[in-house]
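*Asks:* mmCIF, C-alpha atoms, file upload-v7.cif:
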```cif
data_data
#
loop_
_atom_site.label_atom_id
_atom_site.label_comp_id
_atom_site.auth_asym_id
_atom_site.auth_seq_id
_atom_site.Cartn_x
_atom_site.Cartn_y
_atom_site.Cartn_z
CA MET A 1 27.34 -32.65 12.99
CA SER A 2 27.07 -35.96 14.82
CA GLU A 3 24.81 -34.59 17.60
CA CYS A 4 22.35 -32.93 15.23
CA SER A 5 18.74 -34.04 15.72
CA HIS A 6 17.66 -32.19 12.55
CA ASP A 7 14.93 -30.51 14.61
CA CYS A 8 15.86 -26.91 13.79
CA SER A 9 12.77 -25.44 15.48
CA ASN A 10 14.04 -26.54 18.91
CA CYS A 11 17.74 -26.00 18.30
CA SER A 12 19.84 -23.12 19.61
CA SER A 13 22.87 -23.96 17.46
CA LYS A 14 24.19 -21.39 15.00
CA CYS A 15 24.93 -24.04 12.41
CA SER A 16 24.05 -23.72 8.74
CA ASP A 17 23.19 -27.42 8.42
CA GLY A 18 19.83 -28.58 7.09
CA LYS A 19 17.16 -25.91 7.45
CA GLY A 20 18.95 -24.05 10.22
CA LYS A 21 20.12 -20.49 9.47
CA PRO A 22 23.49 -19.22 10.71
CA ASP A 23 23.23 -16.34 13.18
CA PHE A 24 25.49 -13.48 12.05
CA ARG A 25 24.17 -10.95 14.55
CA ALA A 26 26.82 -8.81 16.23
CA PRO A 27 26.43 -8.21 19.98
CA LEU A 28 25.15 -4.80 21.01
CA ASN A 29 27.35 -2.81 23.37
CA ALA A 30 26.96 -4.48 26.76
CA HIS A 31 25.94 -1.23 28.47
CA SER A 32 23.34 -0.19 25.89
CA THR A 33 19.77 -1.03 24.92
CA VAL A 34 18.11 -0.25 21.58
CA LYS A 35 14.38 -0.89 21.36
CA LYS A 36 14.01 -0.47 17.60
CA VAL A 37 16.39 -0.36 14.61
CA ILE A 38 15.25 1.35 11.39
CA ALA A 39 17.47 1.12 8.31
CA VAL A 40 17.26 3.82 5.64
CA ALA A 41 18.34 2.45 2.25
CA SER A 42 18.48 3.41 -1.42
CA GLY A 43 19.25 1.59 -4.62
CA LYS A 44 21.61 4.32 -5.84
CA GLY A 45 23.44 7.34 -4.48
CA GLY A 46 22.41 10.97 -4.73
CA VAL A 47 18.74 10.56 -3.84
CA GLY A 48 18.85 12.21 -0.40
CA LYS A 49 18.98 9.13 1.81
CA SER A 50 21.08 10.83 4.49
CA PHE A 51 18.69 13.78 4.55
CA VAL A 52 15.75 11.44 5.10
CA THR A 53 17.67 9.61 7.84
CA SER A 54 18.47 12.89 9.57
CA MET A 55 14.89 14.19 9.31
CA LEU A 56 13.34 10.98 10.64
CA ALA A 57 15.74 11.18 13.60
CA VAL A 58 14.80 14.83 14.18
CA LEU A 59 11.06 14.07 14.01
CA ALA A 60 11.50 11.18 16.45
CA ALA A 61 13.51 13.37 18.84
CA ARG A 62 10.81 16.07 18.69
CA LYS A 63 8.35 13.43 19.91
CA GLY A 64 10.54 12.94 22.98
CA LEU A 65 12.12 9.66 21.90
CA LYS A 66 15.74 8.82 22.68
CA VAL A 67 17.36 8.61 19.25
CA GLY A 68 20.66 7.51 17.72
CA ILE A 69 22.06 7.43 14.18
CA LEU A 70 24.59 4.82 13.09
CA ASP A 71 26.17 6.16 9.91
CA ALA A 72 26.89 2.96 7.97
CA ASP A 73 27.73 4.86 4.79
CA ILE A 74 31.42 4.52 5.63
CA THR A 75 32.88 5.79 2.35
CA GLY A 76 30.46 8.72 2.06
CA PRO A 77 29.49 9.77 5.59
CA SER A 78 27.47 13.01 5.76
CA ILE A 79 25.37 12.77 8.92
CA PRO A 80 27.78 14.71 11.21
CA LYS A 81 27.74 17.74 8.89
CA ALA A 82 23.94 17.86 8.91
CA PHE A 83 23.96 18.03 12.73
CA ASN A 84 26.99 20.34 12.96
CA LEU A 85 29.03 17.70 14.79
CA SER A 86 32.80 17.56 14.38
CA GLY A 87 35.97 16.65 16.22
CA GLY A 88 37.01 13.41 17.82
CA THR A 89 35.23 11.05 20.19
CA TYR A 90 36.02 9.90 23.71
CA GLN A 91 35.99 6.51 25.36
CA ASN A 92 35.35 5.25 28.88
CA GLU A 93 34.97 1.80 30.37
CA GLN A 94 31.51 1.50 28.77
CA GLY A 95 32.69 2.13 25.23
CA ILE A 96 33.09 4.93 22.67
CA LEU A 97 30.94 7.94 23.54
CA PRO A 98 29.00 9.24 20.51
CA PRO A 99 28.62 13.01 20.09
CA VAL A 100 25.15 14.37 20.86
CA SER A 101 23.23 16.98 18.87
CA ASN A 102 21.23 19.87 20.29
CA LEU A 103 18.04 17.76 20.27
CA GLY A 104 19.83 14.87 21.95
CA VAL A 105 20.42 12.71 18.85
CA LYS A 106 23.48 10.49 19.35
CA VAL A 107 25.60 10.07 16.21
CA MET A 108 28.45 7.74 15.31
CA SER A 109 30.15 8.16 11.95
CA LEU A 110 33.58 7.55 10.50
CA ASN A 111 33.92 11.29 9.89
CA LEU A 112 34.05 11.73 13.67
CA LEU A 113 37.04 9.40 13.93
CA VAL A 114 39.36 10.54 11.13
CA GLU A 115 41.85 13.39 11.37
CA ASN A 116 40.69 15.02 8.13
CA PRO A 117 37.03 14.41 7.13
CA GLY A 118 37.93 15.29 3.55
CA ASP A 119 40.28 12.34 3.13
CA PRO A 120 38.88 9.41 1.12
CA VAL A 121 38.21 6.07 2.81
CA VAL A 122 40.02 3.53 0.61
CA TRP A 123 38.97 0.30 2.31
CA ARG A 124 37.89 -3.06 0.99
CA GLY A 125 34.41 -4.41 1.68
CA PRO A 126 35.22 -6.67 4.67
CA VAL A 127 36.98 -3.81 6.49
CA ILE A 128 34.02 -1.47 5.90
CA ALA A 129 31.60 -4.15 7.11
CA GLY A 130 33.74 -4.65 10.20
CA ALA A 131 33.57 -0.93 10.99
CA VAL A 132 29.76 -1.03 10.86
CA LYS A 133 29.66 -3.91 13.35
CA GLN A 134 32.10 -2.07 15.62
CA PHE A 135 29.83 0.97 15.64
CA TRP A 136 27.07 -1.34 16.93
CA SER A 137 29.20 -3.23 19.45
CA ASP A 138 31.84 -0.78 20.66
CA VAL A 139 29.85 2.45 20.93
CA TYR A 140 28.13 3.24 24.22
CA TRP A 141 24.67 4.15 22.92
CA GLY A 142 22.99 4.13 26.32
CA ASP A 143 19.25 3.50 26.26
CA LEU A 144 17.69 4.32 22.89
CA ASP A 145 14.08 4.12 21.80
CA VAL A 146 15.10 4.02 18.15
CA MET A 147 18.31 3.83 16.14
CA PHE A 148 18.37 4.90 12.50
CA VAL A 149 21.01 3.30 10.28
CA ASP A 150 22.07 5.39 7.30
CA MET A 151 22.94 2.69 4.75
CA PRO A 152 25.27 3.01 1.78
CA PRO A 153 23.47 2.82 -1.58
CA GLY A 154 22.99 -0.44 -3.43
CA THR A 155 22.60 -4.08 -2.45
CA GLY A 156 26.20 -5.05 -1.75
CA ASP A 157 28.43 -5.97 1.19
CA VAL A 158 27.50 -3.31 3.74
CA PRO A 159 23.70 -3.45 3.33
CA LEU A 160 23.98 -7.24 3.64
CA THR A 161 26.09 -6.81 6.78
CA VAL A 162 23.54 -4.46 8.33
CA PHE A 163 20.62 -6.78 7.61
CA GLN A 164 22.46 -9.81 8.97
CA SER A 165 24.36 -8.25 11.88
CA LEU A 166 21.84 -5.80 13.33
CA PRO A 167 18.29 -6.59 14.53
CA VAL A 168 16.60 -4.45 11.88
CA ASP A 169 12.90 -3.95 12.63
CA GLY A 170 12.01 -2.06 9.48
CA VAL A 171 13.41 -0.41 6.36
CA VAL A 172 12.70 2.93 4.70
CA ILE A 173 13.64 3.07 1.01
CA VAL A 174 14.48 6.41 -0.61
CA SER A 175 14.34 7.14 -4.33
CA SER A 176 13.87 9.91 -6.87
CA PRO A 177 11.22 9.98 -9.63
CA GLN A 178 13.13 8.80 -12.74
CA GLU A 179 11.99 5.53 -14.30
CA LEU A 180 15.52 4.10 -14.04
CA VAL A 181 15.53 4.85 -10.32
CA GLY A 182 12.11 3.20 -10.11
CA LEU A 183 13.67 -0.01 -11.43
CA ILE A 184 16.50 0.31 -8.92
CA VAL A 185 13.94 0.73 -6.13
CA GLU A 186 12.48 -2.62 -7.15
CA LYS A 187 15.88 -4.21 -6.50
CA SER A 188 16.10 -2.62 -3.05
CA VAL A 189 12.59 -3.72 -2.11
CA LYS A 190 13.28 -7.27 -3.28
CA MET A 191 16.53 -7.40 -1.28
CA VAL A 192 14.65 -6.36 1.86
CA GLU A 193 12.08 -9.06 1.17
CA MET A 194 14.84 -11.64 0.62
CA MET A 195 16.33 -10.71 4.00
CA GLU A 196 12.88 -11.20 5.57
CA LYS A 197 12.66 -7.60 6.74
CA LYS A 198 9.70 -5.24 6.51
CA VAL A 199 9.57 -2.17 4.29
CA LEU A 200 7.93 0.52 6.43
CA GLY A 201 7.61 2.99 3.60
CA LEU A 202 8.93 4.50 0.39
CA VAL A 203 10.15 8.08 0.15
CA GLU A 204 10.34 9.78 -3.22
CA ASN A 205 12.71 12.70 -2.74
CA MET A 206 12.86 15.65 -5.19
CA SER A 207 9.40 14.56 -6.28
CA TYR A 208 8.23 18.00 -7.43
CA PHE A 209 8.90 21.72 -7.18
CA ALA A 210 6.12 23.92 -5.84
CA CYS A 211 6.14 27.39 -7.41
CA PRO A 212 6.46 29.95 -4.60
CA ASP A 213 4.24 32.40 -6.50
CA CYS A 214 1.28 30.31 -7.66
CA GLY A 215 1.76 27.05 -5.74
CA LYS A 216 1.60 24.90 -8.87
CA ARG A 217 3.62 21.68 -8.69
CA HIS A 218 6.14 20.93 -11.43
CA SER A 219 7.60 17.43 -11.89
CA ILE A 220 11.18 18.43 -12.66
CA PHE A 221 12.54 14.85 -12.79
CA GLY A 222 9.50 13.19 -14.34
CA GLU A 223 6.21 11.90 -13.05
CA SER A 224 6.02 10.09 -9.74
CA HIS A 225 6.01 6.29 -9.55
CA VAL A 226 6.15 5.92 -5.79
CA GLU A 227 2.47 5.06 -5.22
CA GLU A 228 2.59 2.54 -8.07
CA ILE A 229 5.64 0.76 -6.63
CA ALA A 230 4.26 0.87 -3.10
CA LYS A 231 1.00 -0.72 -4.24
CA ARG A 232 2.85 -3.42 -6.18
CA HIS A 233 4.71 -4.48 -3.03
CA ASN A 234 1.88 -3.92 -0.53
CA ILE A 235 3.69 -1.04 1.17
CA ALA A 236 1.19 1.12 2.99
CA THR A 237 3.16 4.36 3.38
CA ALA A 238 4.58 6.44 0.53
CA CYS A 239 5.89 9.98 0.99
CA ARG A 240 6.73 12.58 -1.65
CA LEU A 241 9.26 15.24 -0.66
CA PRO A 242 9.51 18.48 -2.65
CA ILE A 243 12.59 20.14 -4.08
CA ASP A 244 13.17 22.85 -1.52
CA PRO A 245 16.37 24.95 -1.56
CA GLU A 246 15.90 25.58 2.17
CA PHE A 247 16.52 21.88 2.88
CA ALA A 248 19.98 21.96 1.31
CA LYS A 249 20.79 25.35 2.77
CA LYS A 250 20.07 24.25 6.35
CA VAL A 251 21.74 20.85 6.01
CA ASP A 252 24.90 22.49 4.62
CA ALA A 253 24.82 24.87 7.58
CA GLY A 254 24.53 21.99 10.06
CA ALA A 255 21.01 23.06 10.97
CA VAL A 256 18.95 20.01 9.95
CA GLU A 257 17.24 20.15 13.35
CA PHE A 258 15.54 23.39 12.25
CA VAL A 259 14.12 21.95 9.01
CA GLU A 260 10.35 21.52 8.73
CA CYS A 261 9.38 18.55 6.56
CA PRO A 262 5.71 17.64 7.16
CA ALA A 263 5.68 15.28 4.17
CA LEU A 264 7.71 12.77 6.24
CA GLN A 265 5.32 12.86 9.20
CA PRO A 266 3.33 9.76 8.13
CA LEU A 267 6.54 7.70 8.32
CA ALA A 268 7.60 9.30 11.59
CA ASP A 269 4.24 8.35 13.08
CA LEU A 270 5.05 4.66 12.45
CA ILE A 271 8.19 4.83 14.59
#
```
What is this file in structure tokens?

*Replies:*
Amino acid sequence: MSECSHDCSNCSSKCSDGKGKPDFRAPLNAHSTVKKVIAVASGKGGVGKSFVTSMLAVLAARKGLKVGILDADITGPSIPKAFNLSGGTYQNEQGILPPVSNLGVKVMSLNLLVENPGDPVVWRGPVIAGAVKQFWSDVYWGDLDVMFVDMPPGTGDVPLTVFQSLPVDGVVIVSSPQELVGLIVEKSVKMVEMMEKKVLGLVENMSYFACPDCGKRHSIFGESHVEEIAKRHNIATACRLPIDPEFAKKVDAGAVEFVECPALQPLADLI
């Protein structure tokens, strides 16, 4: 650009010239404020990321915070079911109104917009990424203390869109104990570091089963690696969640707000 002074530190341009970084951030809904955005990510599917997202939102709401969940897992949305939310949404001059749970958690998910939640979402990456940005810009969130973003697994288009388009303050990474998953966690942590975001903590879900009779812990999926990985990347908080049939039972019944999960409290205290 002919007017460029090459002094990027004092430049408000969104150019990608020289050392300047392009600004891909999407505008928040004009009638809303969000003080903090926490992304919940995983390197692979099936590790309980949506459960962790839901529980962190519940724990924050129990503290009296104003909480929202943006379900960015467009092709596999499960947050509404956990909170027993269904049906369509409404819109006024301020934007799309997200349904609200019993504890006051505001939720926006594709499953709240489609006629049949069981139908597959067969969209290409750019369309999915566009939907995530619309949830941020077009939904009337009101005034939130914290928004949790339930990310799709992996390090592809949509996680990149979230990191670039939303003002993410911190990231929680969810895994399970297998060594392969441990390697995948490394990829997730490194992506967060590449995007210059902070990993708030690691959560190892299905870490062990505690015998209801004797209390002994059994490592069903192998020994834990979460403390080892956390130490390697200077992550201060690592949580280990047990295999508990009550978790699945209550989530399937839409009663996640009645789940007790003290193992996540150290992470909730950071929010």

*Asks:* Could you check which of A:Thr33, A:Ser42, A:Ser86, A:Thr161 is closest to A:Pro98, using all atoms listed in the file?

*Replies:* A:Ser86

*Asks:* Do you know which residues the PyMOL selection byres ((chain A and resi 38) around 6) returns on this file, as number ranges by chain?

*Replies:* A: 37, 39, 148, 168-171

*Asks:* Choose the residue, out of A:Ile74, A:Val162, A:Ala255, A:Val185, that has the smallest atom-to-atom separation from A:Leu103; count all atoms listed in the file.

*Replies:*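 Ranking A:Ile74, A:Val162, A:Ala255, A:Val185 by distance to A:Leu103, first place goes to A:Ala255.
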
*Asks:* Given the file shown, enumerate the residues that the PyMOL selection byres ((chain A and resi 140) around 9) captures and present them as a list of chain:residue names.

*Replies:*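 Checked against the file, the PyMOL selection byres ((chain A and resi 140) around 9) matches A:Asn29, A:Ala30, A:His31, A:Ser32, A:Gln91, A:Asn92, A:Gln94, A:Gly95, A:Ile96, A:Leu97, A:Pro98, A:Trp136, A:Ser137, A:Asp138, A:Val139, A:Trp141, A:Gly142.
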
*Asks:* Using atom CA of A:Leu241 and atom CA of A:Cys261 as the two end points, give the distance in Å to one decimal.

*Replies:*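 Atom CA of A:Cys261 lies 7.9 Å from atom CA of A:Leu241.
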
*Asks:* I need the output of the PyMOL selection byres ((chain A and resi 207-209) around 10) for this file as a ChimeraX atom specification; which residues are they?

*Replies:* /A:175-178,203-206,210-212,215-226,239-245

*Asks:* Please produce a file of the residues just selected, as a compact mmCIF listing (two decimals), in the coordinates of the input, where the atoms kept are C-alpha atoms.

*Replies:*
```txt
# COMPACT_ATOMS: atom_id res chain seq x y z
CA SER A 175 14.34 7.14 -4.33
CA SER A 176 13.87 9.91 -6.87
CA PRO A 177 11.22 9.98 -9.63
CA GLN A 178 13.13 8.80 -12.74
CA VAL A 203 10.15 8.08 0.15
CA GLU A 204 10.34 9.78 -3.22
CA ASN A 205 12.71 12.70 -2.74
CA MET A 206 12.86 15.65 -5.19
CA ALA A 210 6.12 23.92 -5.84
CA CYS A 211 6.14 27.39 -7.41
CA PRO A 212 6.46 29.95 -4.60
CA GLY A 215 1.76 27.05 -5.74
CA LYS A 216 1.60 24.90 -8.87
CA ARG A 217 3.62 21.68 -8.69
CA HIS A 218 6.14 20.93 -11.43
CA SER A 219 7.60 17.43 -11.89
CA ILE A 220 11.18 18.43 -12.66
CA PHE A 221 12.54 14.85 -12.79
CA GLY A 222 9.50 13.19 -14.34
CA GLU A 223 6.21 11.90 -13.05
CA SER A 224 6.02 10.09 -9.74
CA HIS A 225 6.01 6.29 -9.55
CA VAL A 226 6.15 5.92 -5.79
CA CYS A 239 5.89 9.98 0.99
CA ARG A 240 6.73 12.58 -1.65
CA LEU A 241 9.26 15.24 -0.66
CA PRO A 242 9.51 18.48 -2.65
CA ILE A 243 12.59 20.14 -4.08
CA ASP A 244 13.17 22.85 -1.52
CA PRO A 245 16.37 24.95 -1.56
```

*Asks:* Which residues, protein or nucleic acid, reach to within 8 Å of (9.1, 12.4, 9.8) in the file's coordinates when using only C-alpha atoms, and can you give that as a VMD selection string?

*Replies:* chain A and resid 55 to 60 261 to 269

*Asks:* Do you have the atom CA of A:Thr237-atom CA of A:Ser165 distance handy?

*Replies:*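 Those two atoms sit 26.1 Å apart.
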
*Asks:* Do a neighbour search on A:Ala41 at 8 Å with all atoms listed in the file, toss out local chain neighbours closer than 2 positions, and write the hits as an mmCIF file with C-alpha atoms, in the frame of the given file.

*Replies:*
```cif
data_model
loop_
_atom_site.group_PDB
_atom_site.id
_atom_site.type_symbol
_atom_site.label_atom_id
_atom_site.label_comp_id
_atom_site.auth_asym_id
_atom_site.auth_seq_id
_atom_site.Cartn_x
_atom_site.Cartn_y
_atom_site.Cartn_z
ATOM 1 C CA ALA A 39 17.470 1.120 8.310
ATOM 2 C CA GLY A 43 19.250 1.590 -4.620
ATOM 3 C CA LYS A 49 18.980 9.130 1.810
ATOM 4 C CA ASP A 150 22.070 5.390 7.300
ATOM 5 C CA MET A 151 22.940 2.690 4.750
ATOM 6 C CA PRO A 152 25.270 3.010 1.780
ATOM 7 C CA PRO A 153 23.470 2.820 -1.580
ATOM 8 C CA GLY A 154 22.990 -0.440 -3.430
ATOM 9 C CA VAL A 171 13.410 -0.410 6.360
ATOM 10 C CA VAL A 172 12.700 2.930 4.700
ATOM 11 C CA ILE A 173 13.640 3.070 1.010
ATOM 12 C CA VAL A 174 14.480 6.410 -0.610
ATOM 13 C CA SER A 188 16.100 -2.620 -3.050
#
```

*Asks:* One decimal, Å: what's the distance from atom CA of A:Ala248 over to atom CA of A:Val189, could you say?

*Replies:*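 A separation of 26.9 Å between them.
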
*Asks:* Pick the closest to A:Phe258 from A:Glu246, A:Asp143, A:Lys36, A:Phe24: which is it, counting only C-alpha atoms?

*Replies:* A:Glu246

*Asks:* Of the residues A:Asp119, A:Leu112, A:Val149, A:Lys190, which is the one nearest to A:Pro167, using only C-alpha atoms?

*Replies:*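 For A:Pro167, the nearest of the given residues is A:Val149.
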
*Asks:* Give the answer as one residue: which of A:Gly104, A:Pro22, A:Gly48, A:Pro99 has the shortest atom-to-atom distance to A:Leu65, using all atoms listed in the file?

*Replies:*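 For A:Leu65, the nearest of the given residues is A:Gly104.
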
*Asks:* Might I get the box with edges along x, y and z of the file that holds all atoms of stretch 211-226 of chain A listed there, padded by 4 Å on every side, given as centre and edge lengths in Å to one decimal, as JSON?

*Replies:*
```
{"center_x": 6.9, "center_y": 19.2, "center_z": -9.5, "size_x": 19.3, "size_y": 34.5, "size_z": 17.7}
```

*Asks:* Taking only C-alpha atoms into account, which of A:Gly201, A:Gly182, A:Pro126, A:Pro159 comes nearest A:Asp71?

*Replies:*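 For A:Asp71, the nearest of the given residues is A:Pro159.
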
*Asks:* Could you add whatever atoms are missing so that stretch 220-232 of chain A carries N, CA, C and O atoms, then write the result as a short mmCIF file (atom, residue, chain, number, x, y, z; two decimals), in the coordinates of the input?

*Replies:*
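Final output, selection04.cif:
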```cif
data_model
loop_
_atom_site.label_atom_id
_atom_site.label_comp_id
_atom_site.auth_asym_id
_atom_site.auth_seq_id
_atom_site.Cartn_x
_atom_site.Cartn_y
_atom_site.Cartn_z
N ILE A 220 9.91 18.12 -12.00
CA ILE A 220 11.18 18.43 -12.66
C ILE A 220 11.86 17.17 -13.19
O ILE A 220 12.43 17.15 -14.29
N PHE A 221 11.84 16.08 -12.42
CA PHE A 221 12.54 14.85 -12.79
C PHE A 221 11.60 13.77 -13.31
O PHE A 221 11.92 12.59 -13.29
N GLY A 222 10.44 14.16 -13.80
CA GLY A 222 9.50 13.19 -14.34
C GLY A 222 8.38 12.88 -13.36
O GLY A 222 8.43 13.25 -12.18
N GLU A 223 7.38 12.20 -13.87
CA GLU A 223 6.21 11.90 -13.05
C GLU A 223 6.54 10.88 -11.96
O GLU A 223 7.39 10.01 -12.13
N SER A 224 5.79 10.96 -10.89
CA SER A 224 6.02 10.09 -9.74
C SER A 224 5.60 8.65 -10.03
O SER A 224 4.62 8.40 -10.73
N HIS A 225 6.36 7.70 -9.47
CA HIS A 225 6.01 6.29 -9.55
C HIS A 225 5.91 5.66 -8.16
O HIS A 225 5.76 4.44 -8.04
N VAL A 226 6.00 6.49 -7.12
CA VAL A 226 6.15 5.92 -5.79
C VAL A 226 4.89 5.18 -5.33
O VAL A 226 4.97 4.11 -4.73
N GLU A 227 3.71 5.75 -5.63
CA GLU A 227 2.47 5.06 -5.22
C GLU A 227 2.30 3.74 -5.97
O GLU A 227 1.87 2.73 -5.40
N GLU A 228 2.69 3.75 -7.24
CA GLU A 228 2.59 2.54 -8.07
C GLU A 228 3.48 1.42 -7.52
O GLU A 228 3.04 0.27 -7.38
N ILE A 229 4.72 1.77 -7.17
CA ILE A 229 5.64 0.76 -6.63
C ILE A 229 5.19 0.29 -5.26
O ILE A 229 5.25 -0.90 -4.94
N ALA A 230 4.72 1.24 -4.44
CA ALA A 230 4.26 0.87 -3.10
C ALA A 230 3.08 -0.10 -3.18
O ALA A 230 3.03 -1.10 -2.45
N LYS A 231 2.16 0.16 -4.09
CA LYS A 231 1.00 -0.72 -4.24
C LYS A 231 1.43 -2.10 -4.72
O LYS A 231 0.90 -3.13 -4.25
N ARG A 232 2.39 -2.15 -5.62
CA ARG A 232 2.85 -3.42 -6.18
C ARG A 232 3.44 -4.33 -5.10
O ARG A 232 3.35 -5.54 -5.17
#
```
